[in-house]
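Asks: This one is coords-v3.pdb, PDB, C-alpha atoms and all ligand atoms.
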ATOM      1  CA  MET A1061    -106.533-198.329-116.870  1.00  0.00           C
ATOM      2  CA  LYS A1062    -106.124-196.146-113.791  1.00  0.00           C
ATOM      3  CA  VAL A1063    -102.679-197.602-113.049  1.00  0.00           C
ATOM      4  CA  LEU A1064    -101.478-196.850-116.559  1.00  0.00           C
ATOM      5  CA  ASP A1065    -102.871-193.326-116.438  1.00  0.00           C
ATOM      6  CA  ARG A1066    -101.030-192.721-113.209  1.00  0.00           C
ATOM      7  CA  LEU A1067     -97.742-193.925-114.739  1.00  0.00           C
ATOM      8  CA  ALA A1068     -98.252-191.773-117.852  1.00  0.00           C
ATOM      9  CA  ALA A1069     -98.979-188.767-115.628  1.00  0.00           C
ATOM     10  CA  CYS A1070     -95.652-189.396-113.856  1.00  0.00           C
ATOM     11  CA  PHE A1071     -93.726-189.335-117.139  1.00  0.00           C
ATOM     12  CA  GLU A1072     -95.600-186.249-118.212  1.00  0.00           C
ATOM     13  CA  ARG A1073     -94.059-184.329-115.310  1.00  0.00           C
ATOM     14  CA  LEU A1074     -90.634-184.633-116.955  1.00  0.00           C
ATOM     15  CA  PRO A1075     -89.443-181.670-119.042  1.00  0.00           C
ATOM     16  CA  GLY A1076     -90.202-181.926-122.752  1.00  0.00           C
ATOM     17  CA  VAL A1077     -92.548-184.923-122.353  1.00  0.00           C
ATOM     18  CA  GLY A1078     -96.081-184.422-123.658  1.00  0.00           C
ATOM     19  CA  ARG A1079     -99.109-186.631-123.166  1.00  0.00           C
ATOM     20  CA  LYS A1080     -98.445-188.820-126.208  1.00  0.00           C
ATOM     21  CA  SER A1081     -94.818-189.536-125.321  1.00  0.00           C
ATOM     22  CA  ALA A1082     -95.814-190.156-121.704  1.00  0.00           C
ATOM     23  CA  GLU A1083     -98.319-192.786-122.811  1.00  0.00           C
ATOM     24  CA  ARG A1084     -95.749-194.382-125.099  1.00  0.00           C
ATOM     25  CA  PHE A1085     -93.269-194.591-122.182  1.00  0.00           C
ATOM     26  CA  ALA A1086     -95.956-196.098-119.951  1.00  0.00           C
ATOM     27  CA  TYR A1087     -96.710-198.876-122.474  1.00  0.00           C
ATOM     28  CA  HIS A1088     -92.980-199.408-122.926  1.00  0.00           C
ATOM     29  CA  VAL A1089     -92.641-200.037-119.176  1.00  0.00           C
ATOM     30  CA  LEU A1090     -95.325-202.759-119.452  1.00  0.00           C
ATOM     31  CA  ALA A1091     -93.168-204.541-122.010  1.00  0.00           C
ATOM     32  CA  MET A1092     -89.986-204.321-119.953  1.00  0.00           C
ATOM     33  CA  PRO A1093     -88.675-207.253-117.848  1.00  0.00           C
ATOM     34  CA  LEU A1094     -89.717-206.785-114.198  1.00  0.00           C
ATOM     35  CA  LYS A1095     -86.038-206.662-113.126  1.00  0.00           C
ATOM     36  CA  ASP A1096     -85.388-203.676-115.421  1.00  0.00           C
ATOM     37  CA  VAL A1097     -88.434-201.862-114.076  1.00  0.00           C
ATOM     38  CA  GLU A1098     -87.204-202.473-110.513  1.00  0.00           C
ATOM     39  CA  ASP A1099     -83.773-201.073-111.456  1.00  0.00           C
ATOM     40  CA  PHE A1100     -85.485-198.051-112.974  1.00  0.00           C
ATOM     41  CA  ALA A1101     -87.577-197.388-109.871  1.00  0.00           C
ATOM     42  CA  ASP A1102     -84.593-197.979-107.543  1.00  0.00           C
ATOM     43  CA  GLY A1103     -82.486-195.601-109.625  1.00  0.00           C
ATOM     44  CA  LEU A1104     -85.061-192.858-109.276  1.00  0.00           C
ATOM     45  CA  LEU A1105     -85.422-193.319-105.532  1.00  0.00           C
ATOM     46  CA  ALA A1106     -81.690-193.654-104.839  1.00  0.00           C
ATOM     47  CA  ALA A1107     -80.858-190.505-106.813  1.00  0.00           C
ATOM     48  CA  ARG A1108     -83.536-188.489-105.087  1.00  0.00           C
ATOM     49  CA  ARG A1109     -82.665-189.769-101.603  1.00  0.00           C
ATOM     50  CA  ASP A1110     -78.866-189.880-101.763  1.00  0.00           C
ATOM     51  CA  LEU A1111     -77.966-186.803-103.796  1.00  0.00           C
ATOM     52  CA  ARG A1112     -78.129-183.284-102.444  1.00  0.00           C
ATOM     53  CA  ALA A1113     -77.016-179.870-103.627  1.00  0.00           C
ATOM     54  CA  CYS A1114     -73.515-179.025-102.387  1.00  0.00           C
ATOM     55  CA  GLY A1115     -73.690-176.168 -99.884  1.00  0.00           C
ATOM     56  CA  VAL A1116     -70.766-174.432-101.602  1.00  0.00           C
ATOM     57  CA  CYS A1117     -71.265-174.792-105.362  1.00  0.00           C
ATOM     58  CA  GLY A1118     -74.795-176.196-105.660  1.00  0.00           C
ATOM     59  CA  CYS A1119     -73.804-179.287-107.703  1.00  0.00           C
ATOM     60  CA  PHE A1120     -75.622-182.513-106.848  1.00  0.00           C
ATOM     61  CA  ASP A1121     -73.437-185.057-105.100  1.00  0.00           C
ATOM     62  CA  GLU A1122     -73.609-187.717-102.417  1.00  0.00           C
ATOM     63  CA  ALA A1123     -71.255-185.666-100.239  1.00  0.00           C
ATOM     64  CA  ASP A1124     -71.566-182.086 -99.029  1.00  0.00           C
ATOM     65  CA  PRO A1125     -69.218-180.344 -99.810  1.00  0.00           C
ATOM     66  CA  CYS A1126     -69.152-182.194-103.122  1.00  0.00           C
ATOM     67  CA  ALA A1127     -66.239-184.155-104.601  1.00  0.00           C
ATOM     68  CA  VAL A1128     -65.118-181.181-106.726  1.00  0.00           C
ATOM     69  CA  CYS A1129     -65.255-178.621-103.881  1.00  0.00           C
ATOM     70  CA  SER A1130     -63.349-180.909-101.517  1.00  0.00           C
ATOM     71  CA  ASP A1131     -60.690-181.888-104.092  1.00  0.00           C
ATOM     72  CA  GLU A1132     -57.561-179.993-103.022  1.00  0.00           C
ATOM     73  CA  SER A1133     -55.919-180.550-106.402  1.00  0.00           C
ATOM     74  CA  ARG A1134     -58.526-178.368-108.171  1.00  0.00           C
ATOM     75  CA  ASP A1135     -57.575-174.869-109.303  1.00  0.00           C
ATOM     76  CA  ARG A1136     -59.374-172.690-106.734  1.00  0.00           C
ATOM     77  CA  SER A1137     -58.628-169.487-108.647  1.00  0.00           C
ATOM     78  CA  LEU A1138     -61.016-170.503-111.440  1.00  0.00           C
ATOM     79  CA  LEU A1139     -64.772-170.345-110.935  1.00  0.00           C
ATOM     80  CA  CYS A1140     -67.188-171.564-113.602  1.00  0.00           C
ATOM     81  CA  VAL A1141     -70.792-170.343-113.417  1.00  0.00           C
ATOM     82  CA  VAL A1142     -73.411-172.756-114.816  1.00  0.00           C
ATOM     83  CA  ASP A1143     -77.196-172.711-114.844  1.00  0.00           C
ATOM     84  CA  ARG A1144     -77.546-176.177-113.318  1.00  0.00           C
ATOM     85  CA  SER A1145     -75.666-179.131-111.956  1.00  0.00           C
ATOM     86  CA  GLY A1146     -76.026-181.073-115.226  1.00  0.00           C
ATOM     87  CA  ALA A1147     -74.053-178.405-117.088  1.00  0.00           C
ATOM     88  CA  ALA A1148     -71.169-178.778-114.618  1.00  0.00           C
ATOM     89  CA  ALA A1149     -71.254-182.555-115.202  1.00  0.00           C
ATOM     90  CA  LEU A1150     -70.981-181.960-118.959  1.00  0.00           C
ATOM     91  CA  ILE A1151     -67.973-179.698-118.517  1.00  0.00           C
ATOM     92  CA  GLU A1152     -66.386-182.257-116.173  1.00  0.00           C
ATOM     93  CA  ARG A1153     -66.747-184.882-118.901  1.00  0.00           C
ATOM     94  CA  THR A1154     -64.659-182.806-121.324  1.00  0.00           C
ATOM     95  CA  GLY A1155     -61.739-183.141-118.875  1.00  0.00           C
ATOM     96  CA  GLY A1156     -60.534-179.688-119.968  1.00  0.00           C
ATOM     97  CA  TYR A1157     -61.499-177.754-116.848  1.00  0.00           C
ATOM     98  CA  ARG A1158     -59.892-178.093-113.408  1.00  0.00           C
ATOM     99  CA  GLY A1159     -61.462-175.192-111.523  1.00  0.00           C
ATOM    100  CA  LEU A1160     -64.507-174.940-109.270  1.00  0.00           C
ATOM    101  CA  TYR A1161     -68.202-174.398-110.085  1.00  0.00           C
ATOM    102  CA  HIS A1162     -71.127-172.272-109.039  1.00  0.00           C
ATOM    103  CA  VAL A1163     -74.640-173.405-109.965  1.00  0.00           C
ATOM    104  CA  LEU A1164     -77.193-170.612-110.394  1.00  0.00           C
ATOM    105  CA  GLY A1165     -80.201-172.921-110.475  1.00  0.00           C
ATOM    106  CA  GLY A1166     -83.724-171.748-111.007  1.00  0.00           C
ATOM    107  CA  HIS A1167     -85.031-170.174-114.130  1.00  0.00           C
ATOM    108  CA  LEU A1168     -82.547-167.973-115.895  1.00  0.00           C
ATOM    109  CA  HIS A1169     -85.178-165.934-117.693  1.00  0.00           C
ATOM    110  CA  SER A1170     -86.472-164.460-114.444  1.00  0.00           C
ATOM    111  CA  LEU A1171     -83.021-163.283-113.342  1.00  0.00           C
ATOM    112  CA  PRO A1172     -82.384-160.310-115.621  1.00  0.00           C
ATOM    113  CA  ARG A1173     -86.055-159.390-115.827  1.00  0.00           C
ATOM    114  CA  THR A1174     -86.732-158.903-112.138  1.00  0.00           C
ATOM    115  CA  GLY A1175     -83.421-157.092-111.604  1.00  0.00           C
ATOM    116  CA  ARG A1176     -83.407-158.548-108.087  1.00  0.00           C
ATOM    117  CA  PRO A1177     -80.486-160.877-107.547  1.00  0.00           C
ATOM    118  CA  GLN A1178     -81.841-164.230-106.394  1.00  0.00           C
ATOM    119  CA  PRO A1179     -80.137-166.186-103.561  1.00  0.00           C
ATOM    120  CA  ARG A1180     -77.746-168.128-105.805  1.00  0.00           C
ATOM    121  CA  VAL A1181     -76.550-164.904-107.464  1.00  0.00           C
ATOM    122  CA  LYS A1182     -76.069-163.340-104.035  1.00  0.00           C
ATOM    123  CA  ALA A1183     -74.113-166.448-102.996  1.00  0.00           C
ATOM    124  CA  LEU A1184     -71.919-166.045-106.092  1.00  0.00           C
ATOM    125  CA  LEU A1185     -71.157-162.412-105.264  1.00  0.00           C
ATOM    126  CA  ALA A1186     -70.396-163.321-101.642  1.00  0.00           C
ATOM    127  CA  ARG A1187     -68.109-166.152-102.778  1.00  0.00           C
ATOM    128  CA  ALA A1188     -66.295-163.921-105.254  1.00  0.00           C
ATOM    129  CA  GLU A1189     -65.786-161.195-102.655  1.00  0.00           C
ATOM    130  CA  LYS A1190     -64.647-163.508 -99.872  1.00  0.00           C
ATOM    131  CA  ASP A1191     -62.138-165.439-101.943  1.00  0.00           C
ATOM    132  CA  PRO A1192     -61.662-163.564-105.248  1.00  0.00           C
ATOM    133  CA  PRO A1193     -60.925-165.992-108.095  1.00  0.00           C
ATOM    134  CA  ARG A1194     -58.427-165.146-110.820  1.00  0.00           C
ATOM    135  CA  GLU A1195     -61.134-165.705-113.399  1.00  0.00           C
ATOM    136  CA  ILE A1196     -64.890-166.273-113.472  1.00  0.00           C
ATOM    137  CA  VAL A1197     -66.010-168.289-116.503  1.00  0.00           C
ATOM    138  CA  LEU A1198     -69.645-167.797-117.461  1.00  0.00           C
ATOM    139  CA  ALA A1199     -70.712-171.110-119.036  1.00  0.00           C
ATOM    140  CA  LEU A1200     -74.380-170.295-119.538  1.00  0.00           C
ATOM    141  CA  PRO A1201     -76.550-171.636-122.361  1.00  0.00           C
ATOM    142  CA  PRO A1202     -76.122-169.813-125.697  1.00  0.00           C
ATOM    143  CA  SER A1203     -79.795-168.764-125.552  1.00  0.00           C
ATOM    144  CA  ALA A1204     -81.392-165.327-125.119  1.00  0.00           C
ATOM    145  CA  GLU A1205     -81.854-166.049-121.392  1.00  0.00           C
ATOM    146  CA  GLY A1206     -78.277-167.240-121.041  1.00  0.00           C
ATOM    147  CA  GLU A1207     -76.921-164.153-122.823  1.00  0.00           C
ATOM    148  CA  ALA A1208     -79.017-161.769-120.723  1.00  0.00           C
ATOM    149  CA  THR A1209     -77.936-163.500-117.507  1.00  0.00           C
ATOM    150  CA  ALA A1210     -74.262-163.429-118.568  1.00  0.00           C
ATOM    151  CA  ALA A1211     -74.504-159.682-119.283  1.00  0.00           C
ATOM    152  CA  MET A1212     -76.159-159.078-115.908  1.00  0.00           C
ATOM    153  CA  LEU A1213     -73.532-161.123-114.034  1.00  0.00           C
ATOM    154  CA  ALA A1214     -70.689-159.372-115.860  1.00  0.00           C
ATOM    155  CA  ARG A1215     -72.133-156.004-114.802  1.00  0.00           C
ATOM    156  CA  MET A1216     -72.208-157.171-111.176  1.00  0.00           C
ATOM    157  CA  LEU A1217     -68.831-158.917-111.096  1.00  0.00           C
ATOM    158  CA  LYS A1218     -66.598-156.550-113.044  1.00  0.00           C
ATOM    159  CA  PRO A1219     -66.860-153.667-110.528  1.00  0.00           C
ATOM    160  CA  LEU A1220     -65.313-156.093-108.009  1.00  0.00           C
ATOM    161  CA  GLY A1221     -62.189-156.054-110.185  1.00  0.00           C
ATOM    162  CA  LEU A1222     -62.705-159.648-111.353  1.00  0.00           C
ATOM    163  CA  ARG A1223     -61.769-161.050-114.751  1.00  0.00           C
ATOM    164  CA  VAL A1224     -64.977-162.348-116.314  1.00  0.00           C
ATOM    165  CA  THR A1225     -64.896-164.589-119.385  1.00  0.00           C
ATOM    166  CA  ARG A1226     -67.453-166.599-121.319  1.00  0.00           C
ATOM    167  CA  LEU A1227     -67.263-169.752-123.390  1.00  0.00           C
ATOM    168  CA  GLY A1228     -65.817-169.236-126.857  1.00  0.00           C
ATOM    169  CA  VAL A1229     -67.631-169.531-130.141  1.00  0.00           C
ATOM    170  CA  GLY A1230     -68.709-172.797-131.722  1.00  0.00           C
ATOM    171  CA  LEU A1231     -71.629-173.617-129.441  1.00  0.00           C
ATOM    172  CA  PRO A1232     -74.955-174.012-131.228  1.00  0.00           C
ATOM    173  CA  ALA A1233     -76.829-170.724-130.746  1.00  0.00           C
ATOM    174  CA  GLY A1234     -80.148-170.527-128.948  1.00  0.00           C
ATOM    175  CA  SER A1235     -79.827-173.875-127.226  1.00  0.00           C
ATOM    176  CA  GLU A1236     -78.649-175.622-124.094  1.00  0.00           C
ATOM    177  CA  LEU A1237     -75.080-176.743-123.446  1.00  0.00           C
ATOM    178  CA  GLU A1238     -76.409-180.313-123.672  1.00  0.00           C
ATOM    179  CA  TYR A1239     -76.627-180.013-127.457  1.00  0.00           C
ATOM    180  CA  ALA A1240     -72.921-179.381-127.830  1.00  0.00           C
ATOM    181  CA  ASP A1241     -70.734-182.432-128.221  1.00  0.00           C
ATOM    182  CA  GLU A1242     -67.777-182.848-125.878  1.00  0.00           C
ATOM    183  CA  VAL A1243     -65.181-181.727-128.429  1.00  0.00           C
ATOM    184  CA  THR A1244     -67.085-178.512-129.201  1.00  0.00           C
ATOM    185  CA  LEU A1245     -67.595-177.834-125.516  1.00  0.00           C
ATOM    186  CA  ALA A1246     -63.927-178.495-124.735  1.00  0.00           C
ATOM    187  CA  ARG A1247     -62.963-176.069-127.525  1.00  0.00           C
ATOM    188  CA  ALA A1248     -65.386-173.462-126.191  1.00  0.00           C
ATOM    189  CA  ILE A1249     -63.805-173.746-122.734  1.00  0.00           C
ATOM    190  CA  GLU A1250     -60.335-173.492-124.244  1.00  0.00           C
ATOM    191  CA  GLY A1251     -61.276-170.502-126.388  1.00  0.00           C
ATOM    192  CA  ARG A1252     -63.073-168.436-123.758  1.00  0.00           C
ATOM    193  CA  THR A1253     -63.106-164.698-124.249  1.00  0.00           C
ATOM    194  CA  GLY A1254     -63.160-161.733-121.898  1.00  0.00           C
ATOM    195  CA  LEU A1255     -66.366-159.823-121.179  1.00  0.00           C
TER     196      LEU A1255
HETATM  197 ZN    ZN B1301     -69.445-178.272-104.459  1.00  0.00          ZN
END
Mind turning this structure into structure tokens?
Ligand SMILES: [Zn+2]

Replies:
Amino acid sequence: MKVLDRLAACFERLPGVGRKSAERFAYHVLAMPLKDVEDFADGLLAARRDLRACGVCGCFDEADPCAVCSDESRDRSLLCVVDRSGAAALIERTGGYRGLYHVLGGHLHSLPRTGRPQPRVKALLARAEKDPPREIVLALPPSAEGEATAAMLARMLKPLGLRVTRLGVGLPAGSELEYADEVTLARAIEGRTGL
């Protein structure tokens, strides 16, 4: 059973997966066709090996700078701040945003509490000062951590004379952007409000 335990332990490292679910996934893998399991393993390895964080925005991509940062047709006067690369991908899928991104990364809850701007926040300030965007959209999760981080960023960015907005209402409170469907998210981008 050692092999199965090892597989379950691997699944258990994923966010939101407890011991029971991990074991269920492990048994599910045993029932899968070998070809599917090979695809699964290849997918994991390829993603981890071939994707890296863009040196400009922090989004994961095969190229650095990423496809968005190097796309000259994007609106460079709009900068959208997200907590992680996956949130930028969600916003991309709505098709309603044509600006650039900045990924904060890390754990949002530690940002406002320590009061010390972490490297990705410093990078955001440096970016905004070097090439001031017309608008900075804070697209952070509608959770307590997201709200606190948005308030902290607004306090840092507004003295630079920048227009800071946040996503409009309609997003489910206290959750991650992932829980919003594309239509709601597109509406929230459309209906962003000033901070
Ligand atoms: Zn980029």

Asks: The PyMOL selection byres (((not hetatm)) within 12 of (chain B and resi 1301)) - which residues does that actually catch in the file I just gave you? List them as a PyMOL selection string.

Replies: chain A and resi 1112-1131+1134+1136+1139-1140+1145+1148-1149+1159-1163

Asks: Any chance you could export the current selection's C-alpha atoms as a PDB file, in the frame of the given file?

Replies:
ATOM      1  CA  ARG A1112     -78.129-183.284-102.444  1.00  0.00           C
ATOM      2  CA  ALA A1113     -77.016-179.870-103.627  1.00  0.00           C
ATOM      3  CA  CYS A1114     -73.515-179.025-102.387  1.00  0.00           C
ATOM      4  CA  GLY A1115     -73.690-176.168 -99.884  1.00  0.00           C
ATOM      5  CA  VAL A1116     -70.766-174.432-101.602  1.00  0.00           C
ATOM      6  CA  CYS A1117     -71.265-174.792-105.362  1.00  0.00           C
ATOM      7  CA  GLY A1118     -74.795-176.196-105.660  1.00  0.00           C
ATOM      8  CA  CYS A1119     -73.804-179.287-107.703  1.00  0.00           C
ATOM      9  CA  PHE A1120     -75.622-182.513-106.848  1.00  0.00           C
ATOM     10  CA  ASP A1121     -73.437-185.057-105.100  1.00  0.00           C
ATOM     11  CA  GLU A1122     -73.609-187.717-102.417  1.00  0.00           C
ATOM     12  CA  ALA A1123     -71.255-185.666-100.239  1.00  0.00           C
ATOM     13  CA  ASP A1124     -71.566-182.086 -99.029  1.00  0.00           C
ATOM     14  CA  PRO A1125     -69.218-180.344 -99.810  1.00  0.00           C
ATOM     15  CA  CYS A1126     -69.152-182.194-103.122  1.00  0.00           C
ATOM     16  CA  ALA A1127     -66.239-184.155-104.601  1.00  0.00           C
ATOM     17  CA  VAL A1128     -65.118-181.181-106.726  1.00  0.00           C
ATOM     18  CA  CYS A1129     -65.255-178.621-103.881  1.00  0.00           C
ATOM     19  CA  SER A1130     -63.349-180.909-101.517  1.00  0.00           C
ATOM     20  CA  ASP A1131     -60.690-181.888-104.092  1.00  0.00           C
ATOM     21  CA  ARG A1134     -58.526-178.368-108.171  1.00  0.00           C
ATOM     22  CA  ARG A1136     -59.374-172.690-106.734  1.00  0.00           C
ATOM     23  CA  LEU A1139     -64.772-170.345-110.935  1.00  0.00           C
ATOM     24  CA  CYS A1140     -67.188-171.564-113.602  1.00  0.00           C
ATOM     25  CA  SER A1145     -75.666-179.131-111.956  1.00  0.00           C
ATOM     26  CA  ALA A1148     -71.169-178.778-114.618  1.00  0.00           C
ATOM     27  CA  ALA A1149     -71.254-182.555-115.202  1.00  0.00           C
ATOM     28  CA  GLY A1159     -61.462-175.192-111.523  1.00  0.00           C
ATOM     29  CA  LEU A1160     -64.507-174.940-109.270  1.00  0.00           C
ATOM     30  CA  TYR A1161     -68.202-174.398-110.085  1.00  0.00           C
ATOM     31  CA  HIS A1162     -71.127-172.272-109.039  1.00  0.00           C
ATOM     32  CA  VAL A1163     -74.640-173.405-109.965  1.00  0.00           C
TER      33      VAL A1163
END

Asks: Point out the residue among A:Pro1075, A:Gly1155, A:Gly1103, A:Pro1192 with the least atom-to-atom distance to Ile1249 (chain A), counting all atoms listed in the file.

Replies: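 The answer is A:Gly1155, which sits nearest to Ile1249 (chain A).
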
Asks: When the PyMOL selection byres (((chain A and resi 1077-1088) around 10) and not hetatm) is applied to the file above, which residues end up in the set, as a compact mmCIF listing (two decimals) with C-alpha atoms, in the frame of the given file?

Replies:
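Contents of result_22.txt, as written:
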# COMPACT_ATOMS: atom_id res chain seq x y z
CA VAL A 1063 -102.68 -197.60 -113.05
CA LEU A 1064 -101.48 -196.85 -116.56
CA ASP A 1065 -102.87 -193.33 -116.44
CA ARG A 1066 -101.03 -192.72 -113.21
CA LEU A 1067 -97.74 -193.92 -114.74
CA ALA A 1068 -98.25 -191.77 -117.85
CA ALA A 1069 -98.98 -188.77 -115.63
CA CYS A 1070 -95.65 -189.40 -113.86
CA PHE A 1071 -93.73 -189.34 -117.14
CA GLU A 1072 -95.60 -186.25 -118.21
CA ARG A 1073 -94.06 -184.33 -115.31
CA LEU A 1074 -90.63 -184.63 -116.96
CA PRO A 1075 -89.44 -181.67 -119.04
CA GLY A 1076 -90.20 -181.93 -122.75
CA VAL A 1089 -92.64 -200.04 -119.18
CA LEU A 1090 -95.32 -202.76 -119.45
CA ALA A 1091 -93.17 -204.54 -122.01
CA MET A 1092 -89.99 -204.32 -119.95

Asks: On this structure, the PyMOL selection byres (((chain A and resi 1164) around 10) and not hetatm) would catch which residues? List them as a PyMOL selection string, sorted by chain and number.

Replies: chain A and resi 1117-1119+1141-1145+1161-1163+1165-1168+1171+1178-1184+1200

Asks: For CA of Val1197 (chain A) and CA of Arg1158 (chain A), determine how far apart the two atoms are, in Å to one decimal place.

Replies: 12.0 Å

Asks: I'd like the interatomic distance between CA of Glu1207 (chain A) and CA of Glu1236 (chain A), to a tenth of an Å.

Replies: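 Result for CA of Glu1207 (chain A) versus CA of Glu1236 (chain A): 11.7 Å, one decimal.
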
Asks: Using Å and a single decimal, report how far CA of Thr1225 (chain A) sits from CA of Leu1255 (chain A).

Replies: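 One can read the CA of Leu1255 (chain A) to CA of Thr1225 (chain A) distance as 5.3 Å.
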
Asks: Produce the centre coordinates and the three edge lengths, each in Å to one decimal, of the box along x, y and z that contains all listed atoms of region 1128-1132 of chain A with 3 Å added on each side, as lines of an AutoDock Vina configuration file.

Replies:
center_x = -61.4
center_y = -180.3
center_z = -104.1
size_x = 13.7
size_y = 9.3
size_z = 11.2

Asks: For Ala1199 (chain A), which residue out of A:Arg1153, A:Arg1252, A:Arg1215, A:Arg1247 is the nearest one, using only C-alpha atoms?

Replies: A:Arg1252
